[in-house]
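Participant: Please find start_27.cif (mmCIF, C-alpha atoms, pLDDT in the B column; chains and numbers go by the auth columns) on the next line:
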```
data_data
#
loop_
_atom_site.group_PDB
_atom_site.id
_atom_site.type_symbol
_atom_site.label_atom_id
_atom_site.label_comp_id
_atom_site.label_asym_id
_atom_site.label_seq_id
_atom_site.Cartn_x
_atom_site.Cartn_y
_atom_site.Cartn_z
_atom_site.B_iso_or_equiv
_atom_site.auth_seq_id
_atom_site.auth_asym_id
ATOM 1 C CA MET A 1 89.712 86.011 100.611 57.00 732 A
ATOM 2 C CA ALA A 2 93.317 85.637 99.508 84.00 733 A
ATOM 3 C CA LEU A 3 95.020 88.801 98.312 87.00 734 A
ATOM 4 C CA LEU A 4 95.584 87.556 94.747 89.00 735 A
ATOM 5 C CA ASP A 5 91.908 86.550 94.487 91.00 736 A
ATOM 6 C CA ARG A 6 90.842 89.977 95.741 93.00 737 A
ATOM 7 C CA ILE A 7 93.177 91.663 93.260 95.00 738 A
ATOM 8 C CA GLN A 8 91.813 89.540 90.398 94.00 739 A
ATOM 9 C CA THR A 9 88.235 90.485 91.341 96.00 740 A
ATOM 10 C CA ASP A 10 89.162 94.173 91.506 95.00 741 A
ATOM 11 C CA MET A 11 90.967 93.904 88.178 95.00 742 A
ATOM 12 C CA VAL A 12 87.868 92.517 86.473 96.00 743 A
ATOM 13 C CA ALA A 13 85.762 95.289 88.027 96.00 744 A
ATOM 14 C CA ALA A 14 88.237 97.934 86.797 95.00 745 A
ATOM 15 C CA MET A 15 88.132 96.445 83.301 96.00 746 A
ATOM 16 C CA ARG A 16 84.347 96.578 83.259 96.00 747 A
ATOM 17 C CA ALA A 17 84.366 100.167 84.544 96.00 748 A
ATOM 18 C CA LYS A 18 87.039 101.089 81.950 95.00 749 A
ATOM 19 C CA ASP A 19 89.112 102.688 84.723 93.00 750 A
ATOM 20 C CA GLU A 20 92.577 102.673 83.133 93.00 751 A
ATOM 21 C CA LEU A 21 94.473 104.186 86.077 91.00 752 A
ATOM 22 C CA LYS A 22 93.083 101.659 88.552 94.00 753 A
ATOM 23 C CA LEU A 23 93.508 98.791 86.105 95.00 754 A
ATOM 24 C CA ASN A 24 97.172 99.615 85.461 94.00 755 A
ATOM 25 C CA ALA A 25 97.895 99.918 89.180 94.00 756 A
ATOM 26 C CA ILE A 26 96.183 96.607 89.958 96.00 757 A
ATOM 27 C CA ARG A 27 98.094 94.900 87.156 96.00 758 A
ATOM 28 C CA MET A 28 101.341 96.279 88.576 96.00 759 A
ATOM 29 C CA ILE A 29 100.493 94.903 92.040 95.00 760 A
ATOM 30 C CA LYS A 30 99.530 91.512 90.655 95.00 761 A
ATOM 31 C CA THR A 31 102.708 91.362 88.562 96.00 762 A
ATOM 32 C CA ALA A 32 104.913 92.127 91.565 95.00 763 A
ATOM 33 C CA LEU A 33 103.212 89.424 93.647 94.00 764 A
ATOM 34 C CA LYS A 34 103.335 86.813 90.879 94.00 765 A
ATOM 35 C CA LYS A 35 106.979 87.629 90.082 96.00 766 A
ATOM 36 C CA HIS A 36 107.978 86.999 93.674 94.00 767 A
ATOM 37 C CA GLU A 37 105.970 83.777 93.717 92.00 768 A
ATOM 38 C CA VAL A 38 107.685 82.539 90.535 95.00 769 A
ATOM 39 C CA ASP A 39 111.166 83.671 91.637 95.00 770 A
ATOM 40 C CA THR A 40 110.957 81.921 94.998 93.00 771 A
ATOM 41 C CA MET A 41 108.996 78.914 93.665 93.00 772 A
ATOM 42 C CA LYS A 42 106.819 79.021 96.793 91.00 773 A
ATOM 43 C CA PRO A 43 103.250 80.185 97.308 89.00 774 A
ATOM 44 C CA LEU A 44 102.908 83.610 98.881 88.00 775 A
ATOM 45 C CA ASP A 45 102.122 83.895 102.569 89.00 776 A
ATOM 46 C CA GLU A 46 100.637 86.963 104.223 85.00 777 A
ATOM 47 C CA PRO A 47 103.874 88.458 105.646 82.00 778 A
ATOM 48 C CA THR A 48 105.518 88.182 102.216 89.00 779 A
ATOM 49 C CA GLU A 49 102.524 89.819 100.530 90.00 780 A
ATOM 50 C CA LEU A 50 102.662 92.675 103.021 87.00 781 A
ATOM 51 C CA GLN A 51 106.399 93.065 102.484 88.00 782 A
ATOM 52 C CA ILE A 52 105.949 93.284 98.694 93.00 783 A
ATOM 53 C CA LEU A 53 103.104 95.795 99.048 92.00 784 A
ATOM 54 C CA GLY A 54 105.247 97.797 101.475 88.00 785 A
ATOM 55 C CA THR A 55 108.031 97.917 98.900 93.00 786 A
ATOM 56 C CA LEU A 56 105.589 99.121 96.235 94.00 787 A
ATOM 57 C CA ILE A 57 104.293 101.820 98.592 93.00 788 A
ATOM 58 C CA LYS A 58 107.813 103.016 99.326 91.00 789 A
ATOM 59 C CA GLN A 59 108.625 103.136 95.601 94.00 790 A
ATOM 60 C CA ARG A 60 105.492 105.190 94.868 95.00 791 A
ATOM 61 C CA ARG A 61 106.271 107.652 97.690 93.00 792 A
ATOM 62 C CA GLU A 62 109.821 108.166 96.475 95.00 793 A
ATOM 63 C CA ALA A 63 108.720 108.555 92.858 95.00 794 A
ATOM 64 C CA ALA A 64 106.033 111.093 93.807 95.00 795 A
ATOM 65 C CA ASP A 65 108.595 113.101 95.799 95.00 796 A
ATOM 66 C CA MET A 66 111.026 113.093 92.886 96.00 797 A
ATOM 67 C CA PHE A 67 108.304 114.174 90.448 96.00 798 A
ATOM 68 C CA ARG A 68 107.258 116.997 92.783 95.00 799 A
ATOM 69 C CA LYS A 69 110.871 118.196 92.993 95.00 800 A
ATOM 70 C CA GLY A 70 111.089 118.080 89.198 95.00 801 A
ATOM 71 C CA ASP A 71 107.887 120.140 88.736 94.00 802 A
ATOM 72 C CA ARG A 72 106.012 117.207 87.239 95.00 803 A
ATOM 73 C CA ALA A 73 102.809 117.468 89.276 94.00 804 A
ATOM 74 C CA GLU A 74 100.723 115.335 86.885 95.00 805 A
ATOM 75 C CA LEU A 75 103.104 112.381 87.262 95.00 806 A
ATOM 76 C CA ALA A 76 103.301 112.883 91.026 95.00 807 A
ATOM 77 C CA ASP A 77 99.484 112.817 91.211 95.00 808 A
ATOM 78 C CA LYS A 78 99.448 109.543 89.253 94.00 809 A
ATOM 79 C CA GLU A 79 101.978 107.989 91.648 95.00 810 A
ATOM 80 C CA GLU A 80 99.966 109.166 94.665 95.00 811 A
ATOM 81 C CA ALA A 81 96.771 107.690 93.212 94.00 812 A
ATOM 82 C CA GLU A 82 98.570 104.357 92.793 94.00 813 A
ATOM 83 C CA LEU A 83 99.883 104.704 96.342 94.00 814 A
ATOM 84 C CA LYS A 84 96.353 105.074 97.736 94.00 815 A
ATOM 85 C CA LEU A 85 95.193 102.027 95.788 94.00 816 A
ATOM 86 C CA ILE A 86 98.090 99.894 97.064 93.00 817 A
ATOM 87 C CA GLU A 87 97.431 101.070 100.637 91.00 818 A
ATOM 88 C CA SER A 88 93.818 99.875 100.306 91.00 819 A
ATOM 89 C CA TYR A 89 95.164 96.303 100.178 91.00 820 A
ATOM 90 C CA MET A 90 97.252 96.766 103.325 89.00 821 A
ATOM 91 C CA PRO A 91 95.941 96.113 106.844 84.00 822 A
ATOM 92 C CA ALA A 92 94.919 99.073 108.965 81.00 823 A
ATOM 93 C CA ALA A 93 97.667 101.164 110.474 80.00 824 A
ATOM 94 C CA PRO A 94 97.864 101.148 114.285 83.00 825 A
ATOM 95 C CA SER A 95 96.754 104.204 116.190 84.00 826 A
ATOM 96 C CA GLU A 96 99.251 106.479 117.954 86.00 827 A
ATOM 97 C CA GLN A 97 98.120 104.994 121.281 88.00 828 A
ATOM 98 C CA GLU A 98 98.763 101.428 120.069 87.00 829 A
ATOM 99 C CA ILE A 99 102.244 102.417 118.885 87.00 830 A
ATOM 100 C CA ASP A 100 103.037 104.130 122.195 87.00 831 A
ATOM 101 C CA ASP A 101 101.751 101.106 124.152 88.00 832 A
ATOM 102 C CA ALA A 102 103.851 98.720 122.039 87.00 833 A
ATOM 103 C CA ILE A 103 106.973 100.846 122.539 87.00 834 A
ATOM 104 C CA ALA A 104 106.403 101.062 126.300 87.00 835 A
ATOM 105 C CA ALA A 105 105.859 97.300 126.541 87.00 836 A
ATOM 106 C CA ALA A 106 108.953 96.628 124.390 86.00 837 A
ATOM 107 C CA LEU A 107 111.107 98.888 126.570 85.00 838 A
ATOM 108 C CA ALA A 108 109.818 97.205 129.726 86.00 839 A
ATOM 109 C CA GLU A 109 110.348 93.744 128.244 86.00 840 A
ATOM 110 C CA THR A 110 113.892 94.357 127.009 85.00 841 A
ATOM 111 C CA GLY A 111 114.963 96.669 129.817 83.00 842 A
ATOM 112 C CA ALA A 112 116.471 99.032 127.233 79.00 843 A
ATOM 113 C CA THR A 113 117.530 102.358 128.707 80.00 844 A
ATOM 114 C CA SER A 114 120.088 103.768 126.246 80.00 845 A
ATOM 115 C CA ALA A 115 120.379 104.364 122.526 81.00 846 A
ATOM 116 C CA LYS A 116 122.867 101.482 122.332 84.00 847 A
ATOM 117 C CA GLN A 117 120.009 99.074 123.077 84.00 848 A
ATOM 118 C CA MET A 118 117.724 100.565 120.431 86.00 849 A
ATOM 119 C CA GLY A 119 117.955 97.481 118.189 86.00 850 A
ATOM 120 C CA LEU A 120 116.512 95.245 120.892 87.00 851 A
ATOM 121 C CA ALA A 121 113.705 97.689 121.618 86.00 852 A
ATOM 122 C CA MET A 122 112.870 98.098 117.908 88.00 853 A
ATOM 123 C CA LYS A 123 112.727 94.346 117.380 88.00 854 A
ATOM 124 C CA ALA A 124 110.394 93.880 120.339 87.00 855 A
ATOM 125 C CA ALA A 125 108.176 96.817 119.297 87.00 856 A
ATOM 126 C CA GLN A 126 107.902 95.519 115.738 86.00 857 A
ATOM 127 C CA ALA A 127 107.000 92.062 117.041 85.00 858 A
ATOM 128 C CA ARG A 128 104.178 93.596 119.094 86.00 859 A
ATOM 129 C CA LEU A 129 102.899 95.476 116.033 83.00 860 A
ATOM 130 C CA ALA A 130 103.175 92.490 113.668 77.00 861 A
ATOM 131 C CA GLY A 131 100.343 92.242 111.161 73.00 862 A
ATOM 132 C CA LYS A 132 99.781 95.990 111.132 78.00 863 A
ATOM 133 C CA ARG A 133 101.151 98.551 108.720 77.00 864 A
ATOM 134 C CA VAL A 134 103.868 100.390 110.623 80.00 865 A
ATOM 135 C CA ASP A 135 106.299 102.922 109.169 78.00 866 A
ATOM 136 C CA GLY A 136 109.674 101.719 110.419 81.00 867 A
ATOM 137 C CA LYS A 137 111.242 105.160 110.215 83.00 868 A
ATOM 138 C CA ALA A 138 108.521 106.774 112.351 83.00 869 A
ATOM 139 C CA LEU A 139 108.674 103.901 114.842 86.00 870 A
ATOM 140 C CA SER A 140 112.451 104.258 115.045 87.00 871 A
ATOM 141 C CA GLU A 141 112.177 107.972 115.774 88.00 872 A
ATOM 142 C CA LYS A 142 109.652 107.355 118.567 88.00 873 A
ATOM 143 C CA VAL A 143 111.802 104.636 120.152 87.00 874 A
ATOM 144 C CA ARG A 144 114.879 106.889 119.938 87.00 875 A
ATOM 145 C CA ALA A 145 112.944 109.732 121.602 86.00 876 A
ATOM 146 C CA LYS A 146 111.880 107.446 124.476 84.00 877 A
ATOM 147 C CA LEU A 147 115.441 106.190 124.975 81.00 878 A
ATOM 148 C CA SER A 148 117.065 109.611 125.121 78.00 879 A
#
```
Represent the structure of the file as structure tokens.
Facilitator:
Amino acid sequence: MALLDRIQTDMVAAMRAKDELKLNAIRMIKTALKKHEVDTMKPLDEPTELQILGTLIKQRREAADMFRKGDRAELADKEEAELKLIESYMPAAPSEQEIDDAIAAALAETGATSAKQMGLAMKAAQARLAGKRVDGKALSEKVRAKLS
């Protein structure tokens, strides 16, 4: 089922259940996807959908952190609840073993041995993990650790 169809189905279910928090979060997701579709004048493909959802996840994480720093726990909890809902639409994250295997294969493929070649190794590792939800910052730290 296409992501927008799944979101529409979930939105109707949230309306029927009178779950305001879930309904507002689903509407926000749908709005972001539709806005991108209208702005680009092209139908959404899966990598674009994942990129938009990734952006929304990053925004929610940052907002929750800022609310926690500002002693606004209730708003941080709301952001984290939205974050969990958005993550439910993302593909499964790879295991630590899959990440380590992808990094090892990328290093072998590119022949990278120093931090100067990190860009090549990162690109190859990300290509091997395509279609999975990977935190770029964590992946970068692991690649840097292997190269040093």
Participant: I'd like to see the residues matched by the PyMOL selection byres ((chain A and resi 732-738) around 10) on this file, and ideally I'd get them as an NGL selection string.
Facilitator: :A and (739-744 or 757-758 or 760-761 or 764-765 or 775-777 or 780-781 or 820-821)
Participant: For range 737-835 of chain A versus range 850-865 of chain A, which residues have an atom no more than 8 Å away, and what is each residue's nearest atom pair and distance in Å rounded to one decimal, using only C-alpha atoms, chain-then-number order, as a tab-separated table?
Facilitator:
```
residue	atom	partner	partner_atom	distance
A:Pro778	CA	A:Gly862	CA	7.6
A:Met821	CA	A:Arg864	CA	6.9
A:Pro822	CA	A:Lys863	CA	5.8
A:Ala823	CA	A:Lys863	CA	6.2
A:Ala824	CA	A:Arg864	CA	4.7
A:Pro825	CA	A:Lys863	CA	6.3
A:Ile830	CA	A:Leu860	CA	7.5
A:Ala833	CA	A:Ala856	CA	5.5
A:Ile834	CA	A:Ala856	CA	5.3
```
Participant: Enter the distance from CA of Gln782 in chain A to CA of His767 in chain A, in Å, rounded to one decimal.
Facilitator: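 Value for the CA of Gln782 in chain A-CA of His767 in chain A distance: 10.8 Å.
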Participant: Which is closest to Gln790 in chain A among A:Lys877, A:Ile817, A:Lys766, A:Thr841, if we use all atoms listed in the file?
Facilitator: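 Between A:Lys877, A:Ile817, A:Lys766, A:Thr841, the residue approaching Gln790 in chain A most closely is A:Ile817.
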Participant: Report the distance between CA of Ala794 in chain A and CA of Ala812 in chain A in Å, rounded to one decimal place.
Facilitator: 12.0 Å
Participant: For a test of reading the model, state the distance in Å between CA of Thr844 in chain A and CA of Asp832 in chain A, rounded to one decimal.
Facilitator: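 Atom-to-atom, CA of Thr844 in chain A to CA of Asp832 in chain A, that is 16.5 Å.
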Participant: A:Arg791, A:Arg799, A:Lys809, A:Lys815: which is nearest Glu751 in chain A, counting only C-alpha atoms?
Facilitator: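 Among A:Arg791, A:Arg799, A:Lys809, A:Lys815, it is A:Lys809 that comes nearest to Glu751 in chain A.
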Participant: At a cut-off of 10 Å, using all atoms listed in the file, what residues contact Glu813 in chain A? Leave out same-chain residues fewer than 2 positions from it and give the result as a list in words.
Facilitator: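 So, after excluding close chain neighbours, the residues are Leu752, Lys753, Asn755, Ala756, Ile757, Met759, Ile760, Leu787, Ile788, Arg791, Arg792, Ala807, Asp808, Lys809, Glu810, Glu811, Lys815, Leu816, Ile817, Glu818 and Ser819 of chain A.
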Participant: Write to file, as a short mmCIF file (atom, residue, chain, number, x, y, z; two decimals), keeping the file's coordinate frame, the residues of the selection just made, with C-alpha atoms.
Facilitator:
```cif
data_model
loop_
_atom_site.label_atom_id
_atom_site.label_comp_id
_atom_site.auth_asym_id
_atom_site.auth_seq_id
_atom_site.Cartn_x
_atom_site.Cartn_y
_atom_site.Cartn_z
CA LEU A 752 94.47 104.19 86.08
CA LYS A 753 93.08 101.66 88.55
CA ASN A 755 97.17 99.62 85.46
CA ALA A 756 97.90 99.92 89.18
CA ILE A 757 96.18 96.61 89.96
CA MET A 759 101.34 96.28 88.58
CA ILE A 760 100.49 94.90 92.04
CA LEU A 787 105.59 99.12 96.24
CA ILE A 788 104.29 101.82 98.59
CA ARG A 791 105.49 105.19 94.87
CA ARG A 792 106.27 107.65 97.69
CA ALA A 807 103.30 112.88 91.03
CA ASP A 808 99.48 112.82 91.21
CA LYS A 809 99.45 109.54 89.25
CA GLU A 810 101.98 107.99 91.65
CA GLU A 811 99.97 109.17 94.66
CA LYS A 815 96.35 105.07 97.74
CA LEU A 816 95.19 102.03 95.79
CA ILE A 817 98.09 99.89 97.06
CA GLU A 818 97.43 101.07 100.64
CA SER A 819 93.82 99.88 100.31
#
```
Participant: Apply the PyMOL selection byres ((chain A and resi 878) around 7) to the structure shown and report the selected residues as a list in words.
Facilitator: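 Residues picked by the PyMOL selection byres ((chain A and resi 878) around 7): Thr844, Ser845, Ala846, Val874, Arg875, Ala876, Lys877 and Ser879 of chain A.
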